[in-house]
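Dropping work20.pdb in here (PDB, C-alpha atoms):
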ATOM      1  CA  LYS W 325      99.243 189.055  61.323
ATOM      2  CA  LEU W 326      95.866 190.328  62.488
ATOM      3  CA  SER W 327      93.183 188.397  64.285
ATOM      4  CA  THR W 328      90.317 188.917  61.864
ATOM      5  CA  ASN W 329      86.596 188.428  62.312
ATOM      6  CA  VAL W 330      83.900 188.795  59.657
ATOM      7  CA  GLY W 331      81.298 191.512  60.108
ATOM      8  CA  ASP W 332      77.517 191.316  59.636
ATOM      9  CA  GLU W 333      77.800 192.360  55.999
ATOM     10  CA  GLY W 334      80.714 190.090  55.087
ATOM     11  CA  GLY W 335      83.595 192.508  55.542
ATOM     12  CA  PHE W 336      86.780 191.693  57.401
ATOM     13  CA  ALA W 337      86.860 193.115  60.921
ATOM     14  CA  PRO W 338      90.344 192.880  62.435
ATOM     15  CA  ARG W 339      90.960 194.156  65.931
ATOM     16  CA  LEU W 340      92.539 197.613  65.534
ATOM     17  CA  ASN W 341      93.380 200.411  67.910
ATOM     18  CA  THR W 342      92.132 203.438  65.969
ATOM     19  CA  ASN W 343      89.915 204.404  63.049
ATOM     20  CA  GLU W 344      92.964 205.850  61.336
ATOM     21  CA  GLU W 345      94.668 202.459  61.490
ATOM     22  CA  ALA W 346      91.789 200.946  59.527
ATOM     23  CA  MET W 347      92.020 203.639  56.852
ATOM     24  CA  GLU W 348      95.796 203.180  56.650
ATOM     25  CA  LEU W 349      95.337 199.443  56.056
ATOM     26  CA  ILE W 350      92.739 200.021  53.343
ATOM     27  CA  THR W 351      94.825 202.690  51.631
ATOM     28  CA  ASN W 352      97.907 200.445  51.680
ATOM     29  CA  ALA W 353      95.845 197.564  50.290
ATOM     30  CA  ILE W 354      94.720 199.787  47.400
ATOM     31  CA  ILE W 355      98.321 200.675  46.603
ATOM     32  CA  LYS W 356      99.626 197.102  46.922
ATOM     33  CA  SER W 357      96.873 195.958  44.554
ATOM     34  CA  GLY W 358      98.279 198.232  41.869
ATOM     35  CA  TYR W 359      95.655 200.971  42.083
ATOM     36  CA  LYS W 360      95.878 204.669  42.839
ATOM     37  CA  PRO W 361      94.047 205.867  45.947
ATOM     38  CA  ARG W 362      91.254 208.337  45.182
ATOM     39  CA  GLU W 363      91.896 208.091  41.435
ATOM     40  CA  ASP W 364      91.098 204.376  40.990
ATOM     41  CA  VAL W 365      89.705 203.340  44.357
ATOM     42  CA  SER W 366      88.247 205.463  47.148
ATOM     43  CA  ILE W 367      86.903 204.831  50.634
ATOM     44  CA  GLY W 368      83.324 205.168  51.792
ATOM     45  CA  LEU W 369      82.597 205.441  55.504
ATOM     46  CA  ASP W 370      79.351 204.290  57.113
ATOM     47  CA  VAL W 371      79.715 205.880  60.531
ATOM     48  CA  ALA W 372      76.231 204.882  61.767
ATOM     49  CA  ALA W 373      76.463 207.795  64.190
ATOM     50  CA  SER W 374      72.955 207.249  65.551
ATOM     51  CA  PHE W 375      74.240 204.057  67.172
ATOM     52  CA  ILE W 376      77.217 205.762  68.845
ATOM     53  CA  PRO W 377      76.054 207.052  72.262
ATOM     54  CA  ASN W 378      78.697 209.796  72.460
ATOM     55  CA  LEU W 379      80.170 210.610  69.058
ATOM     56  CA  GLU W 380      82.125 213.591  70.424
ATOM     57  CA  ALA W 381      84.048 211.270  72.739
ATOM     58  CA  VAL W 382      85.104 209.168  69.746
ATOM     59  CA  THR W 383      86.377 212.149  67.729
ATOM     60  CA  TYR W 384      87.853 214.042  70.738
ATOM     61  CA  PRO W 385      89.628 216.455  70.868
ATOM     62  CA  LEU W 386      88.044 217.424  67.536
ATOM     63  CA  SER W 387      84.360 217.869  66.878
ATOM     64  CA  PRO W 388      82.862 215.234  64.562
ATOM     65  CA  ILE W 389      82.754 217.662  61.627
ATOM     66  CA  SER W 390      86.349 218.789  62.171
ATOM     67  CA  TYR W 391      87.394 215.151  62.462
ATOM     68  CA  TYR W 392      85.793 214.335  59.105
ATOM     69  CA  GLN W 393      87.601 217.296  57.590
ATOM     70  CA  LYS W 394      90.890 215.984  58.919
ATOM     71  CA  ILE W 395      90.553 212.401  57.713
ATOM     72  CA  SER W 396      89.154 213.415  54.321
ATOM     73  CA  ASN W 397      92.359 215.395  53.768
ATOM     74  CA  SER W 398      94.547 212.486  54.861
ATOM     75  CA  TYR W 399      92.818 209.526  53.199
ATOM     76  CA  PRO W 400      91.097 208.880  49.855
ATOM     77  CA  ILE W 401      87.583 209.251  51.248
ATOM     78  CA  TYR W 402      84.776 209.646  48.711
ATOM     79  CA  LEU W 403      81.662 209.519  50.863
ATOM     80  CA  ILE W 404      80.521 209.653  54.460
ATOM     81  CA  GLU W 405      77.255 207.945  55.318
ATOM     82  CA  ASP W 406      75.391 208.790  58.520
ATOM     83  CA  GLY W 407      78.239 210.866  59.881
ATOM     84  CA  LEU W 408      75.890 212.490  62.407
ATOM     85  CA  GLY W 409      72.846 211.499  64.421
ATOM     86  CA  GLU W 410      69.545 211.085  62.599
ATOM     87  CA  ASP W 411      67.971 214.099  64.297
ATOM     88  CA  ASP W 412      70.998 216.427  64.284
ATOM     89  CA  TRP W 413      69.519 218.465  61.419
ATOM     90  CA  ASN W 414      71.509 221.642  62.067
ATOM     91  CA  ASP W 415      74.830 219.810  62.210
ATOM     92  CA  TRP W 416      73.955 217.932  58.997
ATOM     93  CA  THR W 417      73.537 221.321  57.328
ATOM     94  CA  LYS W 418      76.933 222.448  58.624
ATOM     95  CA  LEU W 419      78.601 219.209  57.517
ATOM     96  CA  THR W 420      77.187 219.564  54.012
ATOM     97  CA  GLN W 421      78.194 223.211  53.804
ATOM     98  CA  ILE W 422      81.775 222.386  54.797
ATOM     99  CA  LEU W 423      82.386 219.100  52.965
ATOM    100  CA  GLY W 424      79.537 218.801  50.473
ATOM    101  CA  GLU W 425      81.586 220.159  47.563
ATOM    102  CA  LYS W 426      84.338 217.623  48.185
ATOM    103  CA  LEU W 427      82.511 214.535  49.433
ATOM    104  CA  LYS W 428      79.243 212.714  49.078
ATOM    105  CA  ILE W 429      77.349 213.298  52.318
ATOM    106  CA  ILE W 430      74.898 210.407  52.455
ATOM    107  CA  GLY W 431      71.817 210.069  54.632
ATOM    108  CA  ASP W 432      70.533 206.630  55.601
ATOM    109  CA  ASP W 433      69.210 206.747  59.154
ATOM    110  CA  LEU W 434      68.670 210.456  58.511
ATOM    111  CA  TYR W 435      66.071 209.717  55.819
ATOM    112  CA  THR W 436      64.965 206.065  56.219
ATOM    113  CA  THR W 437      63.749 206.128  52.583
ATOM    114  CA  ASN W 438      60.984 208.426  53.833
ATOM    115  CA  PRO W 439      59.871 211.152  51.387
ATOM    116  CA  ARG W 440      58.756 213.450  54.216
ATOM    117  CA  ARG W 441      62.128 213.340  55.938
ATOM    118  CA  LEU W 442      63.849 213.761  52.582
ATOM    119  CA  HIS W 443      61.824 216.897  51.802
ATOM    120  CA  LYS W 444      62.895 218.333  55.153
ATOM    121  CA  GLY W 445      66.538 217.468  54.516
ATOM    122  CA  ILE W 446      66.510 219.010  51.047
ATOM    123  CA  SER W 447      64.935 222.210  52.343
ATOM    124  CA  GLN W 448      67.622 222.464  55.043
ATOM    125  CA  LYS W 449      70.448 221.346  52.694
ATOM    126  CA  CYS W 450      71.321 218.500  55.024
ATOM    127  CA  ALA W 451      73.065 216.124  52.593
ATOM    128  CA  ASN W 452      73.713 215.509  48.906
ATOM    129  CA  GLY W 453      72.931 211.804  48.713
ATOM    130  CA  ILE W 454      70.558 209.180  50.062
ATOM    131  CA  ILE W 455      70.500 205.460  50.816
ATOM    132  CA  ILE W 456      67.408 203.773  49.363
ATOM    133  CA  LYS W 457      66.092 200.556  50.954
ATOM    134  CA  PRO W 458      62.823 199.447  49.315
ATOM    135  CA  ASP W 459      61.743 197.359  52.314
ATOM    136  CA  GLN W 460      62.513 200.183  54.744
ATOM    137  CA  ILE W 461      59.619 202.464  53.791
ATOM    138  CA  GLY W 462      57.306 199.531  53.029
ATOM    139  CA  THR W 463      56.058 199.950  49.442
ATOM    140  CA  LEU W 464      57.619 200.425  46.019
ATOM    141  CA  THR W 465      55.255 203.354  45.408
ATOM    142  CA  GLU W 466      56.755 205.262  48.344
ATOM    143  CA  THR W 467      60.243 204.138  47.316
ATOM    144  CA  PHE W 468      59.798 205.505  43.790
ATOM    145  CA  LYS W 469      58.442 208.756  45.225
ATOM    146  CA  THR W 470      61.537 209.127  47.407
ATOM    147  CA  ILE W 471      63.879 208.342  44.498
ATOM    148  CA  ARG W 472      62.115 210.862  42.246
ATOM    149  CA  THR W 473      62.389 213.559  44.908
ATOM    150  CA  ALA W 474      66.076 212.771  45.459
ATOM    151  CA  LYS W 475      66.902 212.919  41.752
ATOM    152  CA  GLU W 476      65.063 216.207  41.335
ATOM    153  CA  ALA W 477      67.326 217.601  44.073
ATOM    154  CA  ASN W 478      70.435 216.224  42.286
ATOM    155  CA  TYR W 479      71.093 213.787  45.114
ATOM    156  CA  THR W 480      73.350 210.781  44.687
ATOM    157  CA  VAL W 481      71.117 207.696  44.888
ATOM    158  CA  ILE W 482      72.464 204.473  46.417
ATOM    159  CA  ILE W 483      70.337 201.323  46.441
ATOM    160  CA  SER W 484      71.236 199.341  49.540
ATOM    161  CA  HIS W 485      70.869 195.930  51.114
ATOM    162  CA  ARG W 486      69.982 195.398  54.763
ATOM    163  CA  SER W 487      72.058 193.867  57.543
ATOM    164  CA  GLY W 488      69.883 190.768  57.795
ATOM    165  CA  GLU W 489      70.041 189.757  54.129
ATOM    166  CA  THR W 490      68.849 186.749  52.142
ATOM    167  CA  GLU W 491      69.942 185.484  48.715
ATOM    168  CA  ASP W 492      67.183 187.468  47.021
ATOM    169  CA  ASP W 493      68.824 189.580  44.280
ATOM    170  CA  PHE W 494      65.982 191.996  43.513
ATOM    171  CA  ILE W 495      67.928 195.117  44.479
ATOM    172  CA  ALA W 496      70.435 194.459  41.671
ATOM    173  CA  ASP W 497      67.668 194.694  39.052
ATOM    174  CA  PHE W 498      66.127 197.580  40.951
ATOM    175  CA  ALA W 499      69.383 199.566  41.002
ATOM    176  CA  VAL W 500      69.826 199.166  37.241
ATOM    177  CA  GLY W 501      66.170 199.850  36.514
ATOM    178  CA  ILE W 502      65.983 203.181  38.358
ATOM    179  CA  GLY W 503      69.426 204.297  37.176
ATOM    180  CA  ALA W 504      71.003 204.419  40.632
ATOM    181  CA  ASP W 505      74.453 205.929  41.037
ATOM    182  CA  PHE W 506      75.633 203.065  43.249
ATOM    183  CA  ILE W 507      74.550 199.795  44.801
ATOM    184  CA  LYS W 508      75.621 198.859  48.327
ATOM    185  CA  SER W 509      75.574 195.116  48.826
ATOM    186  CA  GLY W 510      78.297 194.227  51.300
ATOM    187  CA  ALA W 511      81.606 192.438  50.903
ATOM    188  CA  PRO W 512      81.920 189.947  48.007
ATOM    189  CA  GLY W 513      82.147 186.892  50.218
ATOM    190  CA  PRO W 514      78.976 185.565  51.880
ATOM    191  CA  LYS W 515      76.531 183.990  49.438
ATOM    192  CA  GLU W 516      73.714 186.392  50.305
ATOM    193  CA  ARG W 517      75.981 189.297  49.260
ATOM    194  CA  MET W 518      77.428 187.554  46.209
ATOM    195  CA  ALA W 519      73.911 186.892  44.874
ATOM    196  CA  LYS W 520      73.555 190.622  44.109
ATOM    197  CA  TYR W 521      76.922 190.873  42.371
ATOM    198  CA  GLU W 522      76.264 187.741  40.334
ATOM    199  CA  ARG W 523      72.952 189.209  39.205
ATOM    200  CA  LEU W 524      74.694 192.449  38.227
ATOM    201  CA  ALA W 525      77.162 190.417  36.170
ATOM    202  CA  SER W 526      74.249 188.697  34.440
ATOM    203  CA  ILE W 527      72.613 192.049  33.709
ATOM    204  CA  ALA W 528      75.894 193.330  32.270
ATOM    205  CA  MET W 529      75.977 190.349  29.913
ATOM    206  CA  LEU W 530      72.387 191.008  28.864
ATOM    207  CA  ILE W 531      73.237 194.644  28.223
ATOM    208  CA  THR W 532      76.187 193.682  26.017
ATOM    209  CA  PHE W 533      73.982 191.185  24.170
ATOM    210  CA  SER W 534      71.260 193.790  23.648
ATOM    211  CA  MET W 535      73.787 196.232  22.226
ATOM    212  CA  ALA W 536      74.844 193.526  19.773
ATOM    213  CA  ILE W 537      71.200 193.091  18.737
ATOM    214  CA  VAL W 538      70.944 196.817  18.050
ATOM    215  CA  LEU W 539      74.192 196.689  16.114
ATOM    216  CA  VAL W 540      73.021 193.764  13.996
ATOM    217  CA  ASN W 541      69.805 195.623  13.221
ATOM    218  CA  LEU W 542      71.935 198.491  11.930
ATOM    219  CA  GLY W 543      74.059 196.224   9.756
ATOM    220  CA  ASN W 544      77.325 196.974  11.602
ATOM    221  CA  LEU W 545      78.579 193.397  11.768
ATOM    222  CA  ASP W 546      82.284 194.213  11.869
ATOM    223  CA  LEU W 547      82.480 194.600  15.668
ATOM    224  CA  THR W 548      82.609 191.692  18.065
ATOM    225  CA  LEU W 549      80.699 191.750  21.354
ATOM    226  CA  PHE W 550      83.952 192.327  23.209
ATOM    227  CA  GLU W 551      84.945 195.232  20.957
ATOM    228  CA  LEU W 552      81.521 196.809  21.300
ATOM    229  CA  SER W 553      81.516 196.502  25.078
ATOM    230  CA  ARG W 554      85.056 197.879  25.295
ATOM    231  CA  LYS W 555      84.219 200.827  23.029
ATOM    232  CA  TYR W 556      81.131 201.659  25.034
ATOM    233  CA  HIS W 557      82.925 201.620  28.385
ATOM    234  CA  GLN W 558      85.930 203.578  27.082
ATOM    235  CA  ASN W 559      83.986 206.227  25.202
ATOM    236  CA  PRO W 560      80.196 205.978  24.878
ATOM    237  CA  THR W 561      80.152 208.820  22.357
ATOM    238  CA  GLU W 562      81.956 206.570  19.880
ATOM    239  CA  LEU W 563      78.667 204.778  19.395
ATOM    240  CA  VAL W 564      77.317 207.930  17.788
ATOM    241  CA  ASN W 565      79.922 207.594  15.038
ATOM    242  CA  LEU W 566      78.887 203.959  14.574
ATOM    243  CA  GLY W 567      75.300 204.990  14.016
ATOM    244  CA  VAL W 568      74.079 203.228  17.112
ATOM    245  CA  VAL W 569      72.404 206.316  18.556
ATOM    246  CA  SER W 570      71.342 207.912  15.290
ATOM    247  CA  LEU W 571      68.047 206.029  15.016
ATOM    248  CA  PRO W 572      64.836 208.099  14.919
ATOM    249  CA  ARG W 573      62.968 208.049  18.211
ATOM    250  CA  PRO W 574      60.021 205.973  16.882
ATOM    251  CA  LEU W 575      62.438 203.274  15.698
ATOM    252  CA  TRP W 576      64.126 203.297  19.087
ATOM    253  CA  LEU W 577      60.754 202.541  20.662
ATOM    254  CA  VAL W 578      60.381 199.523  18.379
ATOM    255  CA  VAL W 579      63.876 198.290  19.276
ATOM    256  CA  LYS W 580      63.114 198.761  22.960
ATOM    257  CA  LEU W 581      59.978 196.654  22.618
ATOM    258  CA  LEU W 582      61.903 193.923  20.805
ATOM    259  CA  VAL W 583      64.505 193.549  23.543
ATOM    260  CA  SER W 584      62.554 194.575  26.632
ATOM    261  CA  TRP W 585      62.055 190.904  27.470
ATOM    262  CA  LEU W 586      65.750 190.841  28.318
ATOM    263  CA  GLY W 587      65.196 193.371  31.089
ATOM    264  CA  ILE W 588      67.665 195.911  29.690
ATOM    265  CA  THR W 589      65.433 198.844  28.785
ATOM    266  CA  ALA W 590      67.455 201.029  31.154
ATOM    267  CA  LEU W 591      70.446 200.685  28.830
ATOM    268  CA  LEU W 592      68.412 201.664  25.778
ATOM    269  CA  ASP W 593      67.167 204.726  27.617
ATOM    270  CA  LEU W 594      70.802 205.603  28.227
ATOM    271  CA  ILE W 595      71.727 205.138  24.578
ATOM    272  CA  CYS W 596      68.826 207.317  23.453
ATOM    273  CA  LEU W 597      70.162 210.347  25.326
TER
END
Now that the file is in, can you turn its structure into structure tokens?
Amino acid sequence: KLSTNVGDEGGFAPRLNTNEEAMELITNAIIKSGYKPREDVSIGLDVAASFIPNLEAVTYPLSPISYYQKISNSYPIYLIEDGLGEDDWNDWTKLTQILGEKLKIIGDDLYTTNPRRLHKGISQKCANGIIIKPDQIGTLTETFKTIRTAKEANYTVIISHRSGETEDDFIADFAVGIGADFIKSGAPGPKERMAKYERLASIAMLITFSMAIVLVNLGNLDLTLFELSRKYHQNPTELVNLGVVSLPRPLWLVVKLLVSWLGITALLDLICL
């Protein structure tokens, strides 16, 4: 048995001897839960390198980049966040060149949701993804500008919580509304983290309900909500055969207006594609 603490963001923090030991435990937990590593569940690493005084000492005898190469070959790692210091621009470029095709190389402290730093990173090919924290840059206007710039550069966009969180669940709505690739909200344990997941569950229910409204408007009453939701998640293109996405664009705008009060216009935008 391990002596286990709980970290700032709700995750379990047992006392271990090496980083590899932690990844072994997580990989074994994935397998014992009946999932396939990398195929069903992958690992994301938030190194927070800017807060490690001597990163090279931690990865010795390998360089940090070589170390990330090694562990990404040995464990089901999907992304590495802040793998290097926030001002190590040249090394960020090297890291992205070497591992960017295989992994998501995510900048948080590197970019601080700042459009100016993001422009610099894009020009130097320093990453392929970004952490977005609306209260980090200060205004939603600047946040939207950063998100737009990131999407234009084909960056992965992750909406994130902060370490000192409250039970406010705004970022769940925000992540859905801007079409983020991921949301980062901590371990599903503490109530301030669970608030975001519970809101996402509520949004998912609203989305399913809105799809049923669209279906009723089309006269396809032979599918239950469960069947519709299952069909959409298994194969969204099946909805084309059901006539759900065959509406003329002007009619789609009317439907969007009718259900926008539910806060699920992002889904309708998706269906219109």
- Message: Please expand the PyMOL selection byres ((chain W and resi 331) around 12) into the concrete residues it hits in this file, giving the result as a PyMOL selection string.
- Response: chain W and resi 328-330+332-339+487-488+510-511+513-514
Determine the residue membership of the PyMOL selection byres ((chain W and resi 374) around 10) for the file above and supply it as a PDB file with C-alpha atoms, in the frame of the given file.
ATOM      1  CA  VAL W 371      79.715 205.880  60.531  1.00  0.00           C
ATOM      2  CA  ALA W 372      76.231 204.882  61.767  1.00  0.00           C
ATOM      3  CA  ALA W 373      76.463 207.795  64.190  1.00  0.00           C
ATOM      4  CA  PHE W 375      74.240 204.057  67.172  1.00  0.00           C
ATOM      5  CA  ILE W 376      77.217 205.762  68.845  1.00  0.00           C
ATOM      6  CA  PRO W 377      76.054 207.052  72.262  1.00  0.00           C
ATOM      7  CA  ASN W 378      78.697 209.796  72.460  1.00  0.00           C
ATOM      8  CA  LEU W 379      80.170 210.610  69.058  1.00  0.00           C
ATOM      9  CA  ASP W 406      75.391 208.790  58.520  1.00  0.00           C
ATOM     10  CA  GLY W 407      78.239 210.866  59.881  1.00  0.00           C
ATOM     11  CA  LEU W 408      75.890 212.490  62.407  1.00  0.00           C
ATOM     12  CA  GLY W 409      72.846 211.499  64.421  1.00  0.00           C
ATOM     13  CA  GLU W 410      69.545 211.085  62.599  1.00  0.00           C
ATOM     14  CA  ASP W 411      67.971 214.099  64.297  1.00  0.00           C
ATOM     15  CA  ASP W 412      70.998 216.427  64.284  1.00  0.00           C
ATOM     16  CA  ASP W 433      69.210 206.747  59.154  1.00  0.00           C
ATOM     17  CA  LEU W 434      68.670 210.456  58.511  1.00  0.00           C
TER      18      LEU W 434
END
Go through segment 363-396 of chain W residue by residue and, counting only C-alpha atoms, keep those with an atom at most 12 Å from segment 422-429 of chain W; for each kept residue give the shortest atom pair and its distance in Å to one decimal, ordered by chain and increasing number, as a tab-separated table.
residue	atom	partner	partner_atom	distance
W:Ser366	CA	W:Leu427	CA	11.0
W:Ile367	CA	W:Leu427	CA	10.7
W:Gly368	CA	W:Lys428	CA	9.0
W:Leu369	CA	W:Ile429	CA	10.0
W:Asp370	CA	W:Ile429	CA	10.4
W:Val371	CA	W:Ile429	CA	11.3
W:Ile389	CA	W:Ile422	CA	8.4
W:Ser390	CA	W:Ile422	CA	9.4
W:Tyr391	CA	W:Leu423	CA	11.4
W:Tyr392	CA	W:Leu423	CA	8.5
W:Gln393	CA	W:Leu423	CA	7.2
W:Lys394	CA	W:Leu423	CA	10.8
W:Ile395	CA	W:Leu423	CA	11.6
W:Ser396	CA	W:Leu427	CA	8.3
- Task: Between W:Ser447, W:Thr351, W:Ser509, W:Thr463, single out the one closest to Trp413 of chain W, counting only C-alpha atoms.
- Result: W:Ser447
Scan for residues within 10 Å of the point (73.9, 216.9, 47.3) in the coordinates of the file, using all atoms listed in the file, and reply as a PDB file with C-alpha atoms, keeping the file's coordinate frame.
ATOM      1  CA  THR W 420      77.187 219.564  54.012  1.00  0.00           C
ATOM      2  CA  GLY W 424      79.537 218.801  50.473  1.00  0.00           C
ATOM      3  CA  GLU W 425      81.586 220.159  47.563  1.00  0.00           C
ATOM      4  CA  LEU W 427      82.511 214.535  49.433  1.00  0.00           C
ATOM      5  CA  LYS W 428      79.243 212.714  49.078  1.00  0.00           C
ATOM      6  CA  ILE W 429      77.349 213.298  52.318  1.00  0.00           C
ATOM      7  CA  ILE W 430      74.898 210.407  52.455  1.00  0.00           C
ATOM      8  CA  ILE W 446      66.510 219.010  51.047  1.00  0.00           C
ATOM      9  CA  LYS W 449      70.448 221.346  52.694  1.00  0.00           C
ATOM     10  CA  CYS W 450      71.321 218.500  55.024  1.00  0.00           C
ATOM     11  CA  ALA W 451      73.065 216.124  52.593  1.00  0.00           C
ATOM     12  CA  ASN W 452      73.713 215.509  48.906  1.00  0.00           C
ATOM     13  CA  GLY W 453      72.931 211.804  48.713  1.00  0.00           C
ATOM     14  CA  ILE W 454      70.558 209.180  50.062  1.00  0.00           C
ATOM     15  CA  ALA W 474      66.076 212.771  45.459  1.00  0.00           C
ATOM     16  CA  LYS W 475      66.902 212.919  41.752  1.00  0.00           C
ATOM     17  CA  ALA W 477      67.326 217.601  44.073  1.00  0.00           C
ATOM     18  CA  ASN W 478      70.435 216.224  42.286  1.00  0.00           C
ATOM     19  CA  TYR W 479      71.093 213.787  45.114  1.00  0.00           C
ATOM     20  CA  THR W 480      73.350 210.781  44.687  1.00  0.00           C
ATOM     21  CA  VAL W 481      71.117 207.696  44.888  1.00  0.00           C
TER      22      VAL W 481
END
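Our summary of the geometry notes that atom CA of Glu405 of chain W is positioned 5.9 Å from atom CA of Gly431 of chain W.
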